[in-house]
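Enquirer: Have a peek at entry_17.pdb (PDB, C-alpha atoms).
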ATOM      1  CA  MET J  91     -25.016 -13.758  38.019
ATOM      2  CA  GLU J  92     -21.475 -12.942  37.048
ATOM      3  CA  PHE J  93     -19.900 -13.393  33.629
ATOM      4  CA  ARG J  94     -16.375 -12.816  32.418
ATOM      5  CA  LEU J  95     -15.734 -12.258  28.725
ATOM      6  CA  LYS J  96     -12.586 -12.161  26.701
ATOM      7  CA  ASN J  97     -12.266  -9.231  24.281
ATOM      8  CA  GLU J  98     -13.567 -11.265  21.326
ATOM      9  CA  LEU J  99     -16.830 -10.538  19.519
ATOM     10  CA  GLU J 100     -17.867 -14.223  19.531
ATOM     11  CA  GLU J 101     -18.080 -14.066  23.321
ATOM     12  CA  ILE J 102     -21.136 -11.789  23.117
ATOM     13  CA  ARG J 103     -23.346 -14.586  21.787
ATOM     14  CA  LEU J 104     -22.250 -16.847  24.647
ATOM     15  CA  LEU J 105     -23.137 -14.122  27.136
ATOM     16  CA  ALA J 106     -26.559 -13.690  25.482
ATOM     17  CA  GLU J 107     -27.220 -17.424  25.805
ATOM     18  CA  ALA J 108     -26.172 -17.416  29.465
ATOM     19  CA  ILE J 109     -28.427 -14.421  30.214
ATOM     20  CA  GLU J 110     -31.373 -16.051  28.466
ATOM     21  CA  LEU J 111     -30.941 -19.208  30.512
ATOM     22  CA  TRP J 112     -30.528 -17.258  33.748
ATOM     23  CA  GLY J 113     -33.510 -15.054  32.869
ATOM     24  CA  GLU J 114     -35.788 -17.991  32.196
ATOM     25  CA  GLU J 115     -34.825 -19.566  35.524
ATOM     26  CA  ASN J 116     -35.546 -16.274  37.277
ATOM     27  CA  GLY J 117     -38.880 -15.598  35.568
ATOM     28  CA  ILE J 118     -37.743 -12.577  33.561
ATOM     29  CA  PRO J 119     -39.857 -11.950  30.421
ATOM     30  CA  GLY J 120     -38.344 -12.858  27.036
ATOM     31  CA  LYS J 121     -38.832  -9.320  25.733
ATOM     32  CA  THR J 122     -36.825  -7.869  28.629
ATOM     33  CA  LEU J 123     -34.030 -10.361  28.014
ATOM     34  CA  PHE J 124     -33.944  -9.499  24.309
ATOM     35  CA  GLN J 125     -33.747  -5.753  25.046
ATOM     36  CA  LEU J 126     -31.089  -6.233  27.709
ATOM     37  CA  ASN J 127     -29.003  -8.488  25.459
ATOM     38  CA  LEU J 128     -29.204  -5.997  22.605
ATOM     39  CA  ALA J 129     -27.988  -3.163  24.856
ATOM     40  CA  LEU J 130     -25.126  -5.293  26.200
ATOM     41  CA  ASP J 131     -24.211  -6.461  22.686
ATOM     42  CA  GLU J 132     -23.914  -2.842  21.511
ATOM     43  CA  LEU J 133     -21.814  -1.752  24.491
ATOM     44  CA  LEU J 134     -19.539  -4.799  24.427
ATOM     45  CA  THR J 135     -19.105  -4.630  20.642
ATOM     46  CA  ASN J 136     -17.867  -1.045  21.092
ATOM     47  CA  THR J 137     -15.485  -1.989  23.879
ATOM     48  CA  ILE J 138     -14.103  -5.043  22.067
ATOM     49  CA  THR J 139     -13.783  -3.261  18.698
ATOM     50  CA  TYR J 140     -12.372   0.097  19.822
ATOM     51  CA  GLY J 141     -11.254  -0.327  23.434
ATOM     52  CA  TYR J 142      -8.023  -2.219  22.879
ATOM     53  CA  PRO J 143      -6.094  -0.718  19.952
ATOM     54  CA  GLU J 144      -2.894  -2.350  21.229
ATOM     55  CA  GLY J 145      -4.553  -5.807  21.145
ATOM     56  CA  GLY J 146      -3.788  -8.534  23.637
ATOM     57  CA  GLU J 147      -6.194 -10.537  25.773
ATOM     58  CA  HIS J 148      -8.365  -8.603  28.198
ATOM     59  CA  GLU J 149     -11.193  -9.511  30.511
ATOM     60  CA  ILE J 150     -14.520  -7.708  30.732
ATOM     61  CA  MET J 151     -16.581  -8.296  33.845
ATOM     62  CA  LEU J 152     -20.353  -8.246  33.938
ATOM     63  CA  ARG J 153     -22.682  -8.561  36.906
ATOM     64  CA  LEU J 154     -26.433  -8.908  36.810
ATOM     65  CA  ILE J 155     -28.355  -8.388  40.043
ATOM     66  CA  PRO J 156     -32.145  -8.545  40.494
ATOM     67  CA  GLU J 157     -33.323  -5.514  42.499
ATOM     68  CA  GLY J 158     -36.704  -5.458  44.186
ATOM     69  CA  GLU J 159     -39.673  -6.909  42.359
ATOM     70  CA  LYS J 160     -39.119  -6.016  38.740
ATOM     71  CA  GLU J 161     -35.777  -4.436  38.131
ATOM     72  CA  LEU J 162     -32.325  -5.570  37.091
ATOM     73  CA  LEU J 163     -29.110  -3.817  38.000
ATOM     74  CA  ILE J 164     -26.293  -4.445  35.535
ATOM     75  CA  GLU J 165     -22.651  -3.507  35.878
ATOM     76  CA  ILE J 166     -19.911  -3.757  33.257
ATOM     77  CA  ARG J 167     -16.239  -3.154  34.035
ATOM     78  CA  ASP J 168     -13.509  -3.098  31.437
ATOM     79  CA  ASP J 169      -9.923  -1.842  31.267
ATOM     80  CA  GLY J 170     -10.157  -0.519  27.698
ATOM     81  CA  LEU J 171      -9.749   3.079  26.509
ATOM     82  CA  ALA J 172     -11.939   5.576  28.356
ATOM     83  CA  PHE J 173     -15.314   5.770  26.627
ATOM     84  CA  ASN J 174     -18.410   7.473  27.975
ATOM     85  CA  PRO J 175     -21.481   6.377  25.966
ATOM     86  CA  LEU J 176     -23.483   9.234  27.495
ATOM     87  CA  GLU J 177     -21.413  11.710  25.477
ATOM     88  CA  VAL J 178     -22.462  10.200  22.148
ATOM     89  CA  LYS J 179     -24.750  12.480  20.156
ATOM     90  CA  ALA J 180     -28.206  11.155  19.275
ATOM     91  CA  PRO J 181     -28.654  10.295  15.564
ATOM     92  CA  ASP J 182     -31.114  12.098  13.294
ATOM     93  CA  LEU J 183     -33.699   9.412  12.546
ATOM     94  CA  LYS J 184     -35.618  11.542  10.060
ATOM     95  CA  GLN J 185     -32.961  11.414   7.361
ATOM     96  CA  ASP J 186     -33.572   9.412   4.207
ATOM     97  CA  ILE J 187     -31.335   6.573   2.962
ATOM     98  CA  GLU J 188     -29.046   8.931   1.028
ATOM     99  CA  GLU J 189     -28.410  11.315   3.933
ATOM    100  CA  ARG J 190     -28.167   8.814   6.762
ATOM    101  CA  PRO J 191     -24.621   8.354   7.981
ATOM    102  CA  ILE J 192     -23.516   4.710   8.160
ATOM    103  CA  GLY J 193     -23.122   3.818  11.813
ATOM    104  CA  GLY J 194     -23.926   5.731  14.991
ATOM    105  CA  LEU J 195     -27.037   3.760  15.922
ATOM    106  CA  GLY J 196     -25.543   1.461  18.561
ATOM    107  CA  ILE J 197     -25.591   3.833  21.527
ATOM    108  CA  HIS J 198     -29.025   5.089  20.471
ATOM    109  CA  LEU J 199     -30.301   1.496  20.781
ATOM    110  CA  VAL J 200     -28.613   1.164  24.183
ATOM    111  CA  ARG J 201     -30.366   4.274  25.504
ATOM    112  CA  GLN J 202     -33.752   3.121  24.238
ATOM    113  CA  MET J 203     -33.382  -0.392  25.658
ATOM    114  CA  LEU J 204     -32.363   0.601  29.197
ATOM    115  CA  ASP J 205     -34.026   2.709  31.877
ATOM    116  CA  GLU J 206     -30.889   4.162  33.422
ATOM    117  CA  LEU J 207     -27.252   4.419  32.438
ATOM    118  CA  GLU J 208     -24.431   5.768  34.571
ATOM    119  CA  TYR J 209     -20.764   5.998  33.623
ATOM    120  CA  ARG J 210     -17.603   6.554  35.578
ATOM    121  CA  ARG J 211     -13.884   6.067  35.000
ATOM    122  CA  GLU J 212     -12.068   4.660  38.002
ATOM    123  CA  ASN J 213      -8.562   3.190  38.401
ATOM    124  CA  GLY J 214      -8.124   2.785  34.657
ATOM    125  CA  GLN J 215     -11.493   1.075  34.289
ATOM    126  CA  ASN J 216     -14.716   2.025  32.526
ATOM    127  CA  ILE J 217     -17.603   1.296  34.869
ATOM    128  CA  LEU J 218     -21.135   1.266  33.532
ATOM    129  CA  LEU J 219     -24.096   0.920  35.856
ATOM    130  CA  MET J 220     -27.425   0.228  34.218
ATOM    131  CA  ARG J 221     -30.990  -0.365  35.266
ATOM    132  CA  LYS J 222     -33.606  -2.296  33.361
ATOM    133  CA  LYS J 223     -37.207  -2.400  34.572
ATOM    134  CA  TYR J 224     -39.719  -5.022  33.483
TER     135      TYR J 224
ATOM    136  CA  MET N  11     -25.898 -17.179  11.043
ATOM    137  CA  ASP N  12     -26.650 -18.878   7.724
ATOM    138  CA  ILE N  13     -27.051 -17.075   4.419
ATOM    139  CA  ASN N  14     -28.906 -18.586   1.502
ATOM    140  CA  GLU N  15     -28.796 -16.995  -1.934
ATOM    141  CA  MET N  16     -31.232 -17.551  -4.801
ATOM    142  CA  LYS N  17     -31.188 -15.785  -8.151
ATOM    143  CA  LYS N  18     -34.674 -14.914  -9.400
ATOM    144  CA  ASP N  19     -35.668 -13.141 -12.645
ATOM    145  CA  LYS N  20     -35.363  -9.588 -11.403
ATOM    146  CA  ALA N  21     -33.555  -9.845  -8.094
ATOM    147  CA  THR N  22     -31.360 -11.953  -5.858
ATOM    148  CA  VAL N  23     -33.143 -13.302  -2.794
ATOM    149  CA  ILE N  24     -30.962 -13.523   0.294
ATOM    150  CA  THR N  25     -32.371 -15.476   3.219
ATOM    151  CA  ILE N  26     -30.708 -14.867   6.557
ATOM    152  CA  GLU N  27     -31.085 -17.243   9.458
ATOM    153  CA  GLY N  28     -30.002 -16.713  13.053
ATOM    154  CA  ARG N  29     -28.229 -13.635  14.406
ATOM    155  CA  LEU N  30     -27.091 -10.661  12.345
ATOM    156  CA  ASP N  31     -24.645  -9.025  14.746
ATOM    157  CA  SER N  32     -21.087  -7.718  15.010
ATOM    158  CA  SER N  33     -19.533 -11.153  14.623
ATOM    159  CA  THR N  34     -21.635 -12.159  11.569
ATOM    160  CA  SER N  35     -22.497  -8.933   9.701
ATOM    161  CA  GLY N  36     -19.143  -8.920   7.884
ATOM    162  CA  ILE N  37     -20.098 -12.182   6.121
ATOM    163  CA  LEU N  38     -23.323 -10.634   4.800
ATOM    164  CA  GLU N  39     -21.506  -7.451   3.799
ATOM    165  CA  LYS N  40     -18.961  -9.425   1.735
ATOM    166  CA  LYS N  41     -21.685 -11.504   0.102
ATOM    167  CA  LEU N  42     -23.718  -8.435  -0.922
ATOM    168  CA  LEU N  43     -20.680  -6.509  -2.158
ATOM    169  CA  SER N  44     -19.502  -9.426  -4.285
ATOM    170  CA  LEU N  45     -22.986  -9.768  -5.833
ATOM    171  CA  MET N  46     -23.005  -6.033  -6.576
ATOM    172  CA  ASP N  47     -19.600  -6.405  -8.207
ATOM    173  CA  THR N  48     -21.146  -8.898 -10.635
ATOM    174  CA  GLY N  49     -23.764  -6.259 -11.562
ATOM    175  CA  GLU N  50     -26.681  -7.203  -9.312
ATOM    176  CA  LYS N  51     -28.531  -4.166  -7.937
ATOM    177  CA  ASN N  52     -31.883  -5.626  -6.882
ATOM    178  CA  PHE N  53     -32.077  -7.530  -3.623
ATOM    179  CA  LEU N  54     -34.783  -9.074  -1.537
ATOM    180  CA  LEU N  55     -33.548  -9.764   1.972
ATOM    181  CA  ASP N  56     -35.849 -12.234   3.684
ATOM    182  CA  PHE N  57     -35.683 -12.132   7.475
ATOM    183  CA  SER N  58     -38.254 -14.834   8.314
ATOM    184  CA  GLY N  59     -35.553 -16.935   9.981
ATOM    185  CA  MET N  60     -33.591 -14.052  11.525
ATOM    186  CA  ASP N  61     -34.324 -13.650  15.212
ATOM    187  CA  TYR N  62     -31.793 -10.951  16.097
ATOM    188  CA  ILE N  63     -30.235  -7.841  14.604
ATOM    189  CA  SER N  64     -27.895  -5.288  16.177
ATOM    190  CA  SER N  65     -26.578  -1.968  14.863
ATOM    191  CA  ALA N  66     -23.777  -3.876  13.084
ATOM    192  CA  GLY N  67     -26.469  -5.562  10.965
ATOM    193  CA  LEU N  68     -28.352  -2.284  10.419
ATOM    194  CA  ARG N  69     -25.109  -0.764   9.169
ATOM    195  CA  VAL N  70     -24.789  -3.393   6.414
ATOM    196  CA  LEU N  71     -28.425  -2.921   5.375
ATOM    197  CA  LEU N  72     -27.987   0.844   5.091
ATOM    198  CA  MET N  73     -24.758   0.391   3.152
ATOM    199  CA  VAL N  74     -26.370  -1.927   0.573
ATOM    200  CA  ALA N  75     -29.457   0.295   0.300
ATOM    201  CA  LYS N  76     -27.269   3.335  -0.443
ATOM    202  CA  LYS N  77     -25.191   1.505  -3.052
ATOM    203  CA  SER N  78     -28.200  -0.037  -4.732
ATOM    204  CA  LYS N  79     -29.950   3.339  -4.872
ATOM    205  CA  THR N  80     -26.913   4.881  -6.563
ATOM    206  CA  ALA N  81     -27.022   2.027  -9.115
ATOM    207  CA  LYS N  82     -30.789   2.676  -9.608
ATOM    208  CA  GLY N  83     -31.638  -0.668  -8.045
ATOM    209  CA  LYS N  84     -33.945  -1.693  -5.204
ATOM    210  CA  VAL N  85     -33.485  -3.328  -1.821
ATOM    211  CA  LEU N  86     -36.667  -4.814  -0.374
ATOM    212  CA  LEU N  87     -37.116  -6.598   2.939
ATOM    213  CA  SER N  88     -39.583  -9.249   4.025
ATOM    214  CA  ALA N  89     -40.883 -11.119   7.055
ATOM    215  CA  LEU N  90     -39.424  -9.228  10.017
ATOM    216  CA  THR N  91     -39.740 -11.113  13.301
ATOM    217  CA  ASP N  92     -41.008  -9.180  16.360
ATOM    218  CA  ASN N  93     -37.569  -8.494  17.850
ATOM    219  CA  VAL N  94     -36.157  -7.332  14.534
ATOM    220  CA  LYS N  95     -39.212  -5.118  13.933
ATOM    221  CA  GLU N  96     -38.653  -3.477  17.326
ATOM    222  CA  VAL N  97     -35.032  -2.654  16.456
ATOM    223  CA  PHE N  98     -36.127  -1.303  13.055
ATOM    224  CA  ASP N  99     -38.721   0.953  14.692
ATOM    225  CA  ILE N 100     -36.271   2.368  17.224
ATOM    226  CA  ALA N 101     -33.593   2.944  14.572
ATOM    227  CA  GLY N 102     -36.067   4.680  12.250
ATOM    228  CA  PHE N 103     -35.474   1.985   9.618
ATOM    229  CA  THR N 104     -39.160   1.070   9.241
ATOM    230  CA  ASP N 105     -39.686   4.417   7.490
ATOM    231  CA  ILE N 106     -36.729   4.273   5.104
ATOM    232  CA  PHE N 107     -37.016   0.642   3.930
ATOM    233  CA  THR N 108     -39.818  -1.002   1.986
ATOM    234  CA  ILE N 109     -40.929  -3.987   4.031
ATOM    235  CA  PHE N 110     -43.301  -6.773   2.989
ATOM    236  CA  ALA N 111     -45.039  -9.422   5.079
ATOM    237  CA  THR N 112     -43.774 -12.261   2.886
ATOM    238  CA  ALA N 113     -41.028 -12.866   0.318
ATOM    239  CA  GLU N 114     -43.656 -13.807  -2.322
ATOM    240  CA  GLU N 115     -45.317 -10.410  -1.983
ATOM    241  CA  ALA N 116     -42.019  -8.545  -2.130
ATOM    242  CA  LEU N 117     -40.928 -10.321  -5.309
ATOM    243  CA  LYS N 118     -43.948  -8.913  -7.195
ATOM    244  CA  ASP N 119     -42.609  -5.411  -6.538
ATOM    245  CA  PHE N 120     -39.423  -5.668  -8.616
TER     246      PHE N 120
END
Could you rewrite the structure in this file as structure tokens?
Expert:
Amino acid sequence: MEFRLKNELEEIRLLAEAIELWGEENGIPGKTLFQLNLALDELLTNTITYGYPEGGEHEIMLRLIPEGEKELLIEIRDDGLAFNPLEVKAPDLKQDIEERPIGGLGIHLVRQMLDELEYRRENGQNILLMRKKY
Amino acid sequence: MDINEMKKDKATVITIEGRLDSSTSGILEKKLLSLMDTGEKNFLLDFSGMDYISSAGLRVLLMVAKKSKTAKGKVLLSALTDNVKEVFDIAGFTDIFTIFATAEEALKDF
């Protein structure tokens, strides 16, 4: 399936609903869909919140392709500021409430929810290729 | 997302329904901050009707927990659904928050 989003946070919920519907039709387990939607939410929230400091309407493209028996290939393309999620440092989860920095958990969730994550910058676009097994 | 607020003897109970994500977490943040401004420092956040949380929601929870701790108050949580529990586990939040199975149980702890 293919989905185009505007750079507005409310669009993420619509994408999640579309993926759930598509997933149910294609026999993908609910747990997998939840984990995939969480990862996409985190990545898209970052792009929409920080990717377009100059504002204006932009389009983010997402493709979801079943691969083999039990794997999904997901691609996101956006024309926001260059951002490589693989360069984000992992948070220290052992810290107590007082020491924990506010924020910094989003990309950690993405990494835990997906099986593979690849990033490249090409022609002014961020391209993320992801794999999710189930 | 819907937020319901109920003042009890020792705490304010906030019930959250639906999705706590980047487009809704700001509403919860404002609600909690305005209650803290009125002097409230004890909160029970009941998640029985909340089926989704992202890092934007976790951020608000950590913020209120920090502020309440500074004010010598308590933030307790109850009734995490499976998906929310999974996010809590991965974020290391299960260890830093006090979580009860039901709101009734949590209220006895204030």
Enquirer: Any idea what's packed within 9 Å of Ile164 (chain J), counting only C-alpha atoms, ignoring anything in its chain fewer than 4 positions away? Could you give it as a PyMOL selection string?
Expert: chain J and resi 152-156+218-222
Enquirer: Can you write just those residues out, C-alpha atoms, as an mmCIF file, keeping the file's coordinate frame?
Expert:
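See again33.cif below for the written result:
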data_model
loop_
_atom_site.group_PDB
_atom_site.id
_atom_site.type_symbol
_atom_site.label_atom_id
_atom_site.label_comp_id
_atom_site.auth_asym_id
_atom_site.auth_seq_id
_atom_site.Cartn_x
_atom_site.Cartn_y
_atom_site.Cartn_z
ATOM 1 C CA LEU J 152 -20.353 -8.246 33.938
ATOM 2 C CA ARG J 153 -22.682 -8.561 36.906
ATOM 3 C CA LEU J 154 -26.433 -8.908 36.810
ATOM 4 C CA ILE J 155 -28.355 -8.388 40.043
ATOM 5 C CA PRO J 156 -32.145 -8.545 40.494
ATOM 6 C CA LEU J 218 -21.135 1.266 33.532
ATOM 7 C CA LEU J 219 -24.096 0.920 35.856
ATOM 8 C CA MET J 220 -27.425 0.228 34.218
ATOM 9 C CA ARG J 221 -30.990 -0.365 35.266
ATOM 10 C CA LYS J 222 -33.606 -2.296 33.361
#
Enquirer: To verify the selection step, state as a count of residues only which residues the PyMOL selection byres ((chain J) within 10 of (chain N)) yields on this input.
Expert: 39
Enquirer: How would you write, as a list in words, the residues chosen by the PyMOL selection byres ((chain J and resi 177) around 12) on this structure?
Expert: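 Output of the PyMOL selection byres ((chain J and resi 177) around 12): Ala172, Phe173, Asn174, Pro175, Leu176, Val178, Lys179, Ala180, Ile197, His198, Arg201, Leu207, Glu208, Tyr209 and Arg210 of chain J.
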Enquirer: Near region 109-116 of chain N, counting all atoms listed in the file, which residues have an atom at most 8 Å away, once you skip same-chain residues fewer than 6 positions from it, shown as a PyMOL selection string?
Expert: chain N and resi 54+56+86-90
Enquirer: Measure the distance from CA of Leu162 (chain J) to CA of Asp61 (chain N) in Å and round it to one decimal.
Expert: 23.4 Å
Enquirer: Just give me the gap between CA of Leu204 (chain J) and CA of Glu147 (chain J) in Å, one decimal is fine.
Expert: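 CA of Leu204 (chain J) sits 28.6 Å away from CA of Glu147 (chain J).
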Enquirer: Do you know which residues are at most 12 Å from Gly145 (chain J) counting all atoms listed in the file, after dropping those on the same chain fewer than 3 positions away, and could you put them as a list in words?
Expert: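 Counting only the stated atoms, we get Lys96, Asn97, Glu98, Thr137, Ile138, Thr139, Tyr140, Gly141, Tyr142, His148, Gly170 and Leu171 of chain J.
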Enquirer: Residue by residue, what does the PyMOL selection byres ((chain N and resi 12) around 8) grab here? Present the result as a list in words.
Expert: Met11, Ile13, Asn14, Ile26, Glu27 and Gly28 of chain N
Enquirer: For Leu55 (chain N), list every protein, DNA or RNA residue within 6 Å, evaluated using all atoms listed in the file, and leave out those in the same chain fewer than 5 positions away; present the list as a PyMOL selection string.
Expert: chain N and resi 23-25+87
Enquirer: Can you work out the spacing between CA of Arg167 (chain J) and CA of Asn216 (chain J) in Å, to one decimal?
Expert: 5.6 Å
Enquirer: Using only C-alpha atoms, collect all residues at a distance of at most 12 Å from (-31.8, -13.4, -10.8) as written in the file, then present them as a PyMOL selection string.
Expert: chain N and resi 15-24+45+48-54+117+120
Enquirer: Nearest to Leu126 (chain J): which of J:Ala106, J:Met91, J:Ile150, J:Leu111 is it, counting all atoms listed in the file?
Expert: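 Among the listed residues, the smallest separation from Leu126 (chain J) belongs to J:Ala106.
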